[in-house]
Structures are given as structure tokens and as C-alpha cells.
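Visitor: Okay, so here is run-v7.pdb, and as you'll see once you scroll down, it has PDB, C-alpha atoms.
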```pdb
ATOM      1  CA  MET A   1      -8.816  -4.937   1.983
ATOM      2  CA  HIS A   2      -6.144  -7.570   1.831
ATOM      3  CA  ALA A   3      -3.725  -9.309  -0.477
ATOM      4  CA  SER A   4      -4.549 -12.909  -1.221
ATOM      5  CA  ILE A   5      -0.903 -13.931  -1.541
ATOM      6  CA  ASP A   6      -0.057 -17.192   0.192
ATOM      7  CA  ARG A   7       2.000 -15.878   3.101
ATOM      8  CA  ARG A   8       2.990 -19.273   4.475
ATOM      9  CA  ARG A   9       6.155 -19.236   2.379
ATOM     10  CA  GLY A  10       8.795 -17.197   4.175
ATOM     11  CA  PRO A  11      10.715 -14.396   2.473
ATOM     12  CA  SER A  12      13.843 -15.309   0.579
ATOM     13  CA  LEU A  13      17.311 -14.586   1.908
ATOM     14  CA  LEU A  14      17.510 -11.638  -0.487
ATOM     15  CA  GLY A  15      14.238 -10.307   0.898
ATOM     16  CA  LEU A  16      15.525 -10.596   4.438
ATOM     17  CA  LEU A  17      18.747  -8.849   3.513
ATOM     18  CA  LEU A  18      16.847  -6.070   1.755
ATOM     19  CA  THR A  19      14.658  -5.626   4.797
ATOM     20  CA  ALA A  20      17.668  -5.521   7.119
ATOM     21  CA  VAL A  21      19.181  -2.768   4.996
ATOM     22  CA  ALA A  22      15.984  -0.841   4.275
ATOM     23  CA  CYS A  23      14.049  -1.215   7.512
ATOM     24  CA  ALA A  24      16.510  -1.429  10.420
ATOM     25  CA  PRO A  25      15.484   1.172  13.035
ATOM     26  CA  GLY A  26      17.912   4.014  13.535
ATOM     27  CA  GLU A  27      19.840   3.513  10.299
ATOM     28  CA  ALA A  28      19.440   5.974   7.423
ATOM     29  CA  PRO A  29      17.655   5.860   5.140
ATOM     30  CA  SER A  30      15.334   3.299   6.751
ATOM     31  CA  SER A  31      14.290   5.089   9.942
ATOM     32  CA  ALA A  32      11.802   7.683   8.794
ATOM     33  CA  PRO A  33      11.596  11.294   9.977
ATOM     34  CA  ASP A  34       8.752  12.173  12.329
ATOM     35  CA  THR A  35       6.806  13.389   9.293
ATOM     36  CA  PHE A  36       7.548  13.462   5.585
ATOM     37  CA  THR A  37       5.549  13.956   2.409
ATOM     38  CA  VAL A  38       5.371  11.719  -0.633
ATOM     39  CA  THR A  39       3.953  13.122  -3.855
ATOM     40  CA  PHE A  40       2.440  10.415  -6.017
ATOM     41  CA  GLU A  41       2.272  11.523  -9.641
ATOM     42  CA  SER A  42      -0.504   9.519 -11.264
ATOM     43  CA  SER A  43      -2.269   9.279 -14.595
ATOM     44  CA  GLY A  44      -5.264  10.808 -12.802
ATOM     45  CA  GLY A  45      -3.273  13.722 -11.406
ATOM     46  CA  PRO A  46      -0.883  14.205  -8.478
ATOM     47  CA  PHE A  47      -1.710  13.702  -4.833
ATOM     48  CA  ALA A  48       0.525  14.279  -1.825
ATOM     49  CA  VAL A  49       0.469  12.244   1.383
ATOM     50  CA  GLU A  50       1.982  13.337   4.675
ATOM     51  CA  PHE A  51       3.165  10.277   6.603
ATOM     52  CA  VAL A  52       3.223  10.497  10.407
ATOM     53  CA  ARG A  53       5.643   8.152  12.143
ATOM     54  CA  GLU A  54       3.947   8.501  15.531
ATOM     55  CA  TRP A  55       0.809   6.841  14.142
ATOM     56  CA  SER A  56       2.518   3.576  13.181
ATOM     57  CA  PRO A  57       6.339   3.724  13.384
ATOM     58  CA  ILE A  58       7.200   0.348  11.875
ATOM     59  CA  ALA A  59       4.792   0.825   8.982
ATOM     60  CA  VAL A  60       5.917   4.378   8.263
ATOM     61  CA  ASP A  61       9.534   3.190   8.207
ATOM     62  CA  ARG A  62       8.444   0.687   5.559
ATOM     63  CA  VAL A  63       6.802   3.468   3.510
ATOM     64  CA  TRP A  64       9.979   5.547   3.810
ATOM     65  CA  ALA A  65      12.133   2.705   2.510
ATOM     66  CA  LEU A  66       9.824   1.753  -0.355
ATOM     67  CA  ALA A  67       9.220   5.320  -1.501
ATOM     68  CA  GLN A  68      12.950   6.070  -1.632
ATOM     69  CA  MET A  69      13.656   2.989  -3.714
ATOM     70  CA  GLY A  70      10.905   3.890  -6.210
ATOM     71  CA  TYR A  71       8.924   0.771  -5.407
ATOM     72  CA  TRP A  72       5.566   2.221  -6.466
ATOM     73  CA  ASP A  73       6.782   3.791  -9.721
ATOM     74  CA  GLY A  74       4.465   2.245 -12.320
ATOM     75  CA  SER A  75       2.106   0.725  -9.750
ATOM     76  CA  ARG A  76      -1.464   0.291 -11.003
ATOM     77  CA  ILE A  77      -4.261   1.618  -8.757
ATOM     78  CA  TYR A  78      -6.110  -1.653  -9.059
ATOM     79  CA  ARG A  79      -9.005  -1.287  -6.638
ATOM     80  CA  VAL A  80     -11.210   1.810  -6.595
ATOM     81  CA  ASN A  81     -14.715   1.781  -5.168
ATOM     82  CA  ASP A  82     -16.848   4.138  -3.078
ATOM     83  CA  ARG A  83     -14.706   3.549   0.034
ATOM     84  CA  TYR A  84     -11.108   2.943  -1.042
ATOM     85  CA  ALA A  85      -8.469   3.563  -3.681
ATOM     86  CA  GLN A  86      -5.867   0.804  -3.340
ATOM     87  CA  PHE A  87      -2.436   0.198  -4.842
ATOM     88  CA  GLY A  88       0.807  -1.427  -3.823
ATOM     89  CA  TYR A  89       2.027  -4.052  -6.271
ATOM     90  CA  SER A  90       5.054  -2.656  -8.051
ATOM     91  CA  GLY A  91       4.070  -4.381 -11.292
ATOM     92  CA  ARG A  92       7.490  -6.052 -11.398
ATOM     93  CA  PRO A  93       7.110  -9.698 -10.307
ATOM     94  CA  GLU A  94      10.715 -10.120  -9.216
ATOM     95  CA  LEU A  95      10.382  -7.133  -6.878
ATOM     96  CA  ASP A  96       6.927  -8.073  -5.588
ATOM     97  CA  ALA A  97       8.173 -11.593  -4.822
ATOM     98  CA  GLU A  98      10.637 -10.105  -2.340
ATOM     99  CA  TRP A  99       8.431  -7.487  -0.724
ATOM    100  CA  VAL A 100       4.709  -8.308  -0.870
ATOM    101  CA  GLN A 101       5.139 -11.383   1.293
ATOM    102  CA  ASN A 102       7.689  -9.705   3.548
ATOM    103  CA  GLY A 103       5.268  -8.403   6.177
ATOM    104  CA  ILE A 104       6.009  -6.241   9.180
ATOM    105  CA  PRO A 105       4.846  -6.592  12.811
ATOM    106  CA  ASP A 106       1.383  -5.391  13.752
ATOM    107  CA  GLU A 107       0.840  -2.142  15.624
ATOM    108  CA  PRO A 108      -2.172  -0.640  17.418
ATOM    109  CA  THR A 109      -4.413   1.922  15.748
ATOM    110  CA  ARG A 110      -3.438   5.400  16.929
ATOM    111  CA  SER A 111      -5.404   7.485  14.431
ATOM    112  CA  SER A 112      -8.689   7.031  12.571
ATOM    113  CA  ASN A 113      -9.551   5.924   9.034
ATOM    114  CA  LEU A 114     -11.281   9.170   8.120
ATOM    115  CA  ARG A 115     -11.612  10.455   4.567
ATOM    116  CA  GLY A 116      -8.190  11.155   3.097
ATOM    117  CA  THR A 117      -6.186   8.999   5.489
ATOM    118  CA  VAL A 118      -3.921   6.254   4.160
ATOM    119  CA  SER A 119      -3.492   2.793   5.693
ATOM    120  CA  PHE A 120      -1.843  -0.505   4.853
ATOM    121  CA  ALA A 121      -4.040  -3.342   3.657
ATOM    122  CA  ARG A 122      -3.535  -6.599   5.481
ATOM    123  CA  GLY A 123      -4.895 -10.130   5.446
ATOM    124  CA  GLY A 124      -3.898 -11.363   8.894
ATOM    125  CA  PRO A 125      -1.204 -10.990  11.556
ATOM    126  CA  GLY A 126       2.095  -9.594  10.298
ATOM    127  CA  SER A 127       0.841  -9.139   6.736
ATOM    128  CA  ARG A 128       1.245  -5.389   6.152
ATOM    129  CA  SER A 129       3.882  -5.080   3.457
ATOM    130  CA  THR A 130       3.506  -2.862   0.368
ATOM    131  CA  ILE A 131      -0.207  -2.364  -0.328
ATOM    132  CA  LEU A 132      -1.781   0.935   0.681
ATOM    133  CA  PHE A 133      -5.305   2.287   0.444
ATOM    134  CA  VAL A 134      -6.661   5.825   0.585
ATOM    135  CA  ASN A 135      -9.925   6.169   2.456
ATOM    136  CA  LEU A 136     -12.411   7.890   0.164
ATOM    137  CA  GLY A 137     -14.945   8.327   2.972
ATOM    138  CA  ASP A 138     -15.294   7.938   6.707
ATOM    139  CA  ASN A 139     -14.125   4.365   7.319
ATOM    140  CA  SER A 140     -13.573   4.745  11.048
ATOM    141  CA  ASN A 141     -15.262   1.355  11.510
ATOM    142  CA  LEU A 142     -11.896  -0.079  10.422
ATOM    143  CA  ASP A 143     -10.085   1.392  13.418
ATOM    144  CA  GLN A 144     -10.890  -1.498  15.761
ATOM    145  CA  LEU A 145     -12.269  -4.043  13.304
ATOM    146  CA  ALA A 146     -11.399  -7.563  14.473
ATOM    147  CA  TRP A 147     -10.818  -9.610  11.340
ATOM    148  CA  ASN A 148      -8.631 -12.552  10.327
ATOM    149  CA  GLY A 149      -6.878 -12.679  13.695
ATOM    150  CA  VAL A 150      -5.849  -9.041  13.849
ATOM    151  CA  VAL A 151      -7.516  -5.874  15.124
ATOM    152  CA  GLY A 152      -7.765  -2.630  13.192
ATOM    153  CA  PHE A 153      -6.151  -0.968  10.192
ATOM    154  CA  PRO A 154      -3.736   1.660  11.569
ATOM    155  CA  PRO A 155      -3.507   4.805   9.406
ATOM    156  CA  VAL A 156       0.007   5.848   8.444
ATOM    157  CA  GLY A 157      -0.653   9.171   6.715
ATOM    158  CA  ARG A 158      -3.149  11.574   5.206
ATOM    159  CA  VAL A 159      -3.652  13.205   1.827
ATOM    160  CA  VAL A 160      -2.682  16.862   2.162
ATOM    161  CA  SER A 161      -3.241  17.896  -1.464
ATOM    162  CA  GLY A 162      -4.730  16.392  -4.592
ATOM    163  CA  MET A 163      -7.690  14.592  -3.025
ATOM    164  CA  ASP A 164      -9.634  15.567  -6.141
ATOM    165  CA  SER A 165      -7.158  13.453  -8.133
ATOM    166  CA  VAL A 166      -7.829  10.471  -5.869
ATOM    167  CA  ASP A 167     -11.592  10.966  -6.157
ATOM    168  CA  GLY A 168     -11.269  10.953  -9.950
ATOM    169  CA  LEU A 169      -9.311   7.687 -10.288
ATOM    170  CA  TYR A 170     -10.914   5.166 -12.626
ATOM    171  CA  SER A 171     -13.411   3.091 -10.651
ATOM    172  CA  GLY A 172     -15.173   1.137 -13.383
ATOM    173  CA  TYR A 173     -13.671  -2.204 -12.350
ATOM    174  CA  GLY A 174     -14.513  -1.798  -8.652
ATOM    175  CA  ASP A 175     -13.356  -4.752  -6.579
ATOM    176  CA  ASP A 176     -13.081  -7.165  -9.507
ATOM    177  CA  PRO A 177      -9.254  -7.100  -9.776
ATOM    178  CA  MET A 178      -9.022  -8.248  -6.141
ATOM    179  CA  GLN A 179      -9.807 -11.817  -7.169
ATOM    180  CA  TRP A 180      -6.620 -11.865  -9.257
ATOM    181  CA  GLU A 181      -4.085 -10.657  -6.695
ATOM    182  CA  ASP A 182      -2.005 -13.820  -7.058
ATOM    183  CA  SER A 183      -1.817 -13.187 -10.814
ATOM    184  CA  ILE A 184      -1.001  -9.515 -10.271
ATOM    185  CA  ALA A 185       1.938 -10.490  -8.056
ATOM    186  CA  ALA A 186       3.154 -13.283 -10.328
ATOM    187  CA  ARG A 187       2.645 -11.625 -13.734
ATOM    188  CA  GLY A 188       2.799  -7.921 -12.973
ATOM    189  CA  ASN A 189       1.598  -4.998 -15.014
ATOM    190  CA  PRO A 190       1.299  -6.921 -18.308
ATOM    191  CA  PHE A 191      -1.498  -8.970 -16.711
ATOM    192  CA  LEU A 192      -3.337  -5.891 -15.465
ATOM    193  CA  ASP A 193      -2.834  -4.000 -18.712
ATOM    194  CA  ARG A 194      -4.419  -6.862 -20.625
ATOM    195  CA  GLU A 195      -7.313  -7.578 -18.262
ATOM    196  CA  TYR A 196      -7.978  -4.080 -16.880
ATOM    197  CA  PRO A 197      -6.545  -1.607 -19.400
ATOM    198  CA  LEU A 198      -8.303   1.479 -18.023
ATOM    199  CA  LEU A 199      -6.696   1.399 -14.583
ATOM    200  CA  ASP A 200      -4.884   4.531 -13.510
ATOM    201  CA  SER A 201      -1.198   4.256 -12.614
ATOM    202  CA  ILE A 202       1.321   5.906 -10.342
ATOM    203  CA  THR A 203       3.904   7.235 -12.760
ATOM    204  CA  SER A 204       6.493   8.473 -10.240
ATOM    205  CA  VAL A 205       7.033   9.089  -6.529
ATOM    206  CA  ASP A 206       8.828  12.049  -4.968
ATOM    207  CA  VAL A 207       9.844  12.043  -1.292
ATOM    208  CA  HIS A 208      10.268  15.429   0.389
TER     209      HIS A 208
END
```
For this file, produce the structure as C-alpha cells.

Guide:
Amino acid sequence: MHASIDRRRGPSLLGLLLTAVACAPGEAPSSAPDTFTVTFESSGGPFAVEFVREWSPIAVDRVWALAQMGYWDGSRIYRVNDRYAQFGYSGRPELDAEWVQNGIPDEPTRSSNLRGTVSFARGGPGSRSTILFVNLGDNSNLDQLAWNGVVGFPPVGRVVSGMDSVDGLYSGYGDDPMQWEDSIAARGNPFLDREYPLLDSITSVDVH
């Protein structure tokens, strides 16, 4: 459920500047609408997610910024098991170096991790950044799970169409790619394409 990136190294000046531009509250395009929909075109078919700012405002602002800059275009859906479908590395190491480690403040859980909801993965306090997972079943146990010094995984949105596409994503590798998250961040899609060639990908993202 979490990225294994070493988060002790602070974000670079460029990362901080990007965040100031892309995530400052009240400044377009960083402050998200109350709700908006992102259609993820994938090699397994399209799925659309409605993001709800009330559920987790800081995190949904981050989604808004990343989706508009095309961050997830080309992202590999690198973890699929019976409970989750997870993606979030852009596949471009120079971009991931600025964003994956650039976490946002924690927020309380205001919705529940039911089937079809979408939440940020995190590995400790202030570690939500770019990696999202779709709940493939009822994972409401995550709502108040105390783990690694933080409580809960706040949902940020829900799949409103195309859940059959999410259910059909390639799951043959299961959790195995998780052990290589440092390599995924450092080496990008070429690493995943060599080691896990059957992974599905997000081919484009449309915000509407």
C-alpha cells in the first residue's frame, strides 16, 4: 500500500517551486472544483473517476494538478491483486524524482474504502504524493487503520464508469513489483517493461 522511496531526502527547489505553482490553494489551476471527473484511458479499457474535494481537499488538489499536467500519461498499473489496482509512477524518472517524494499533509478519513473508491497510497506521515489505488473490494478496514505512524487511507474519489475495465487489468504479477519501487522510480518504464512486460498502462488522461 505504500511507496518504498526513501523520503528522508527533501524535495528539490524545482519540486518546491512546482508544488507552489501547482498546489497553492485558491489559485487556478491548482485549487480543484468541488467535484470533477478524470477519464483514464488504459490498455485494459477506459475508466472514469469522480474526485470529491470535500473528502480530502489537499489530496484532491494534488490530483487536479497532476491530472492537468498529464503526469499519469504512460503510467504502468504495477500492482493488481484481489484488493487493489495501484498506479502512480509516471514512468519518467526525472518527473518522479520531483513529485513522488514531494508528499502532502495528512488529512482525516471522511469517506470509506468501499469497492470502486480511489485513495492515495502512503508509507507514513506526509507521504501521499502521486500513487493511487482503486479498491477492488470492500476495504473499509483501511478507513481507520493505524499503520506506520499515520491513521487511515482517506478516499479521494470513486469510479463512476468502467469498473469492468479495472477488474480486467492484468493481475498475474500480483504484489511482486512492489519490491522494486525504488527501481521503478529511478529507472522508469523501461525497467517495468523489461521485468513485467504484461502490465497494463494508462495511455492518456482527460479531465472534465

Visitor: Given the choices A:Gly116, A:Gly103, A:Pro93, A:Gly162, which gets closest to Phe51 of chain A if the distance is worked out from only C-alpha atoms?

Guide: A:Gly116

Visitor: Which is closer to Arg53 of chain A than all the others in A:Ala67, A:Gly137, A:Pro155, A:Val166, using only C-alpha atoms?

Guide: A:Pro155

Visitor: For Gly172 of chain A, which residue out of A:Asn141, A:Gln68, A:Asn81, A:Ser42 is the nearest one, using only C-alpha atoms?

Guide: A:Asn81

Visitor: Apply the PyMOL selection byres ((chain A and resi 128) around 9) to the displayed file and report the matching residues as an NGL selection string.

Guide: :A and (2 or 59 or 100-106 or 120-127 or 129-132)

Visitor: Since we have the selection now, will you write its residues out, keeping C-alpha atoms, as a tab-separated table (two decimals), in the frame of the given file?

Guide:
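Dumped to result_37.tsv:
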```tsv
chain	number	residue	atom	x	y	z
A	2	HIS	CA	-6.14	-7.57	1.83
A	59	ALA	CA	4.79	0.82	8.98
A	100	VAL	CA	4.71	-8.31	-0.87
A	101	GLN	CA	5.14	-11.38	1.29
A	102	ASN	CA	7.69	-9.70	3.55
A	103	GLY	CA	5.27	-8.40	6.18
A	104	ILE	CA	6.01	-6.24	9.18
A	105	PRO	CA	4.85	-6.59	12.81
A	106	ASP	CA	1.38	-5.39	13.75
A	120	PHE	CA	-1.84	-0.50	4.85
A	121	ALA	CA	-4.04	-3.34	3.66
A	122	ARG	CA	-3.54	-6.60	5.48
A	123	GLY	CA	-4.89	-10.13	5.45
A	124	GLY	CA	-3.90	-11.36	8.89
A	125	PRO	CA	-1.20	-10.99	11.56
A	126	GLY	CA	2.10	-9.59	10.30
A	127	SER	CA	0.84	-9.14	6.74
A	129	SER	CA	3.88	-5.08	3.46
A	130	THR	CA	3.51	-2.86	0.37
A	131	ILE	CA	-0.21	-2.36	-0.33
A	132	LEU	CA	-1.78	0.94	0.68
```

Visitor: I'd like the neighbourhood of Ser56 of chain A as a ChimeraX atom specification, where a residue qualifies if any of its atoms comes within 10 Å (using all atoms listed in the file), though same-chain residues fewer than 5 positions away should be ignored.

Guide: /A:51,61,106-111,119,154-157

Visitor: What is the distance, in Å and to one decimal place, between atom CA of Arg158 of chain A and atom CA of Val207 of chain A?

Guide: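 Interatomic distance here is 14.5 Å.
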
Visitor: Counting all atoms listed in the file, figure out which residue out of A:Glu41, A:Asp143, A:Glu94, A:Glu50 gets nearest to Asp73 of chain A.

Guide: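 For Asp73 of chain A, the nearest of the candidates is A:Glu41.
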
Visitor: Nearest to Arg76 of chain A among A:Ala97, A:Ser31, A:Gly44, A:Leu145, with distances taken over all atoms listed in the file: which residue is it?

Guide: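 Of all the options, A:Gly44 lies closest to Arg76 of chain A.
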
Visitor: Out of A:Phe133, A:Tyr89, A:Trp147, A:Tyr196, which residue has the shortest atom-to-atom distance to Asp182 of chain A when counting only C-alpha atoms?

Guide: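 The shortest atom-to-atom distance to Asp182 of chain A comes from A:Tyr89.
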
Visitor: Using the chain letters and numbers from the file, give me the residues hit by the PyMOL selection byres ((chain A and resi 36) around 9), as a short mmCIF file (atom, residue, chain, number, x, y, z; two decimals) with C-alpha atoms, in the coordinates of the input.

Guide:
```
data_model
loop_
_atom_site.label_atom_id
_atom_site.label_comp_id
_atom_site.auth_asym_id
_atom_site.auth_seq_id
_atom_site.Cartn_x
_atom_site.Cartn_y
_atom_site.Cartn_z
CA ALA A 32 11.80 7.68 8.79
CA PRO A 33 11.60 11.29 9.98
CA ASP A 34 8.75 12.17 12.33
CA THR A 35 6.81 13.39 9.29
CA THR A 37 5.55 13.96 2.41
CA VAL A 38 5.37 11.72 -0.63
CA VAL A 49 0.47 12.24 1.38
CA GLU A 50 1.98 13.34 4.68
CA PHE A 51 3.16 10.28 6.60
CA VAL A 52 3.22 10.50 10.41
CA ARG A 53 5.64 8.15 12.14
CA TRP A 64 9.98 5.55 3.81
CA VAL A 207 9.84 12.04 -1.29
CA HIS A 208 10.27 15.43 0.39
#
```

Visitor: Atom CA of Asp164 of chain A and atom CA of Trp72 of chain A, how far apart in Å?

Guide: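 Computing it gives 20.2 Å between the two atoms.
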
Visitor: Could you jot down the atom CA of Pro57 of chain A to atom CA of Val118 of chain A separation for me, Å, one decimal place?

Guide: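 Interatomic distance, atom CA of Pro57 of chain A to atom CA of Val118 of chain A: 14.0 Å.
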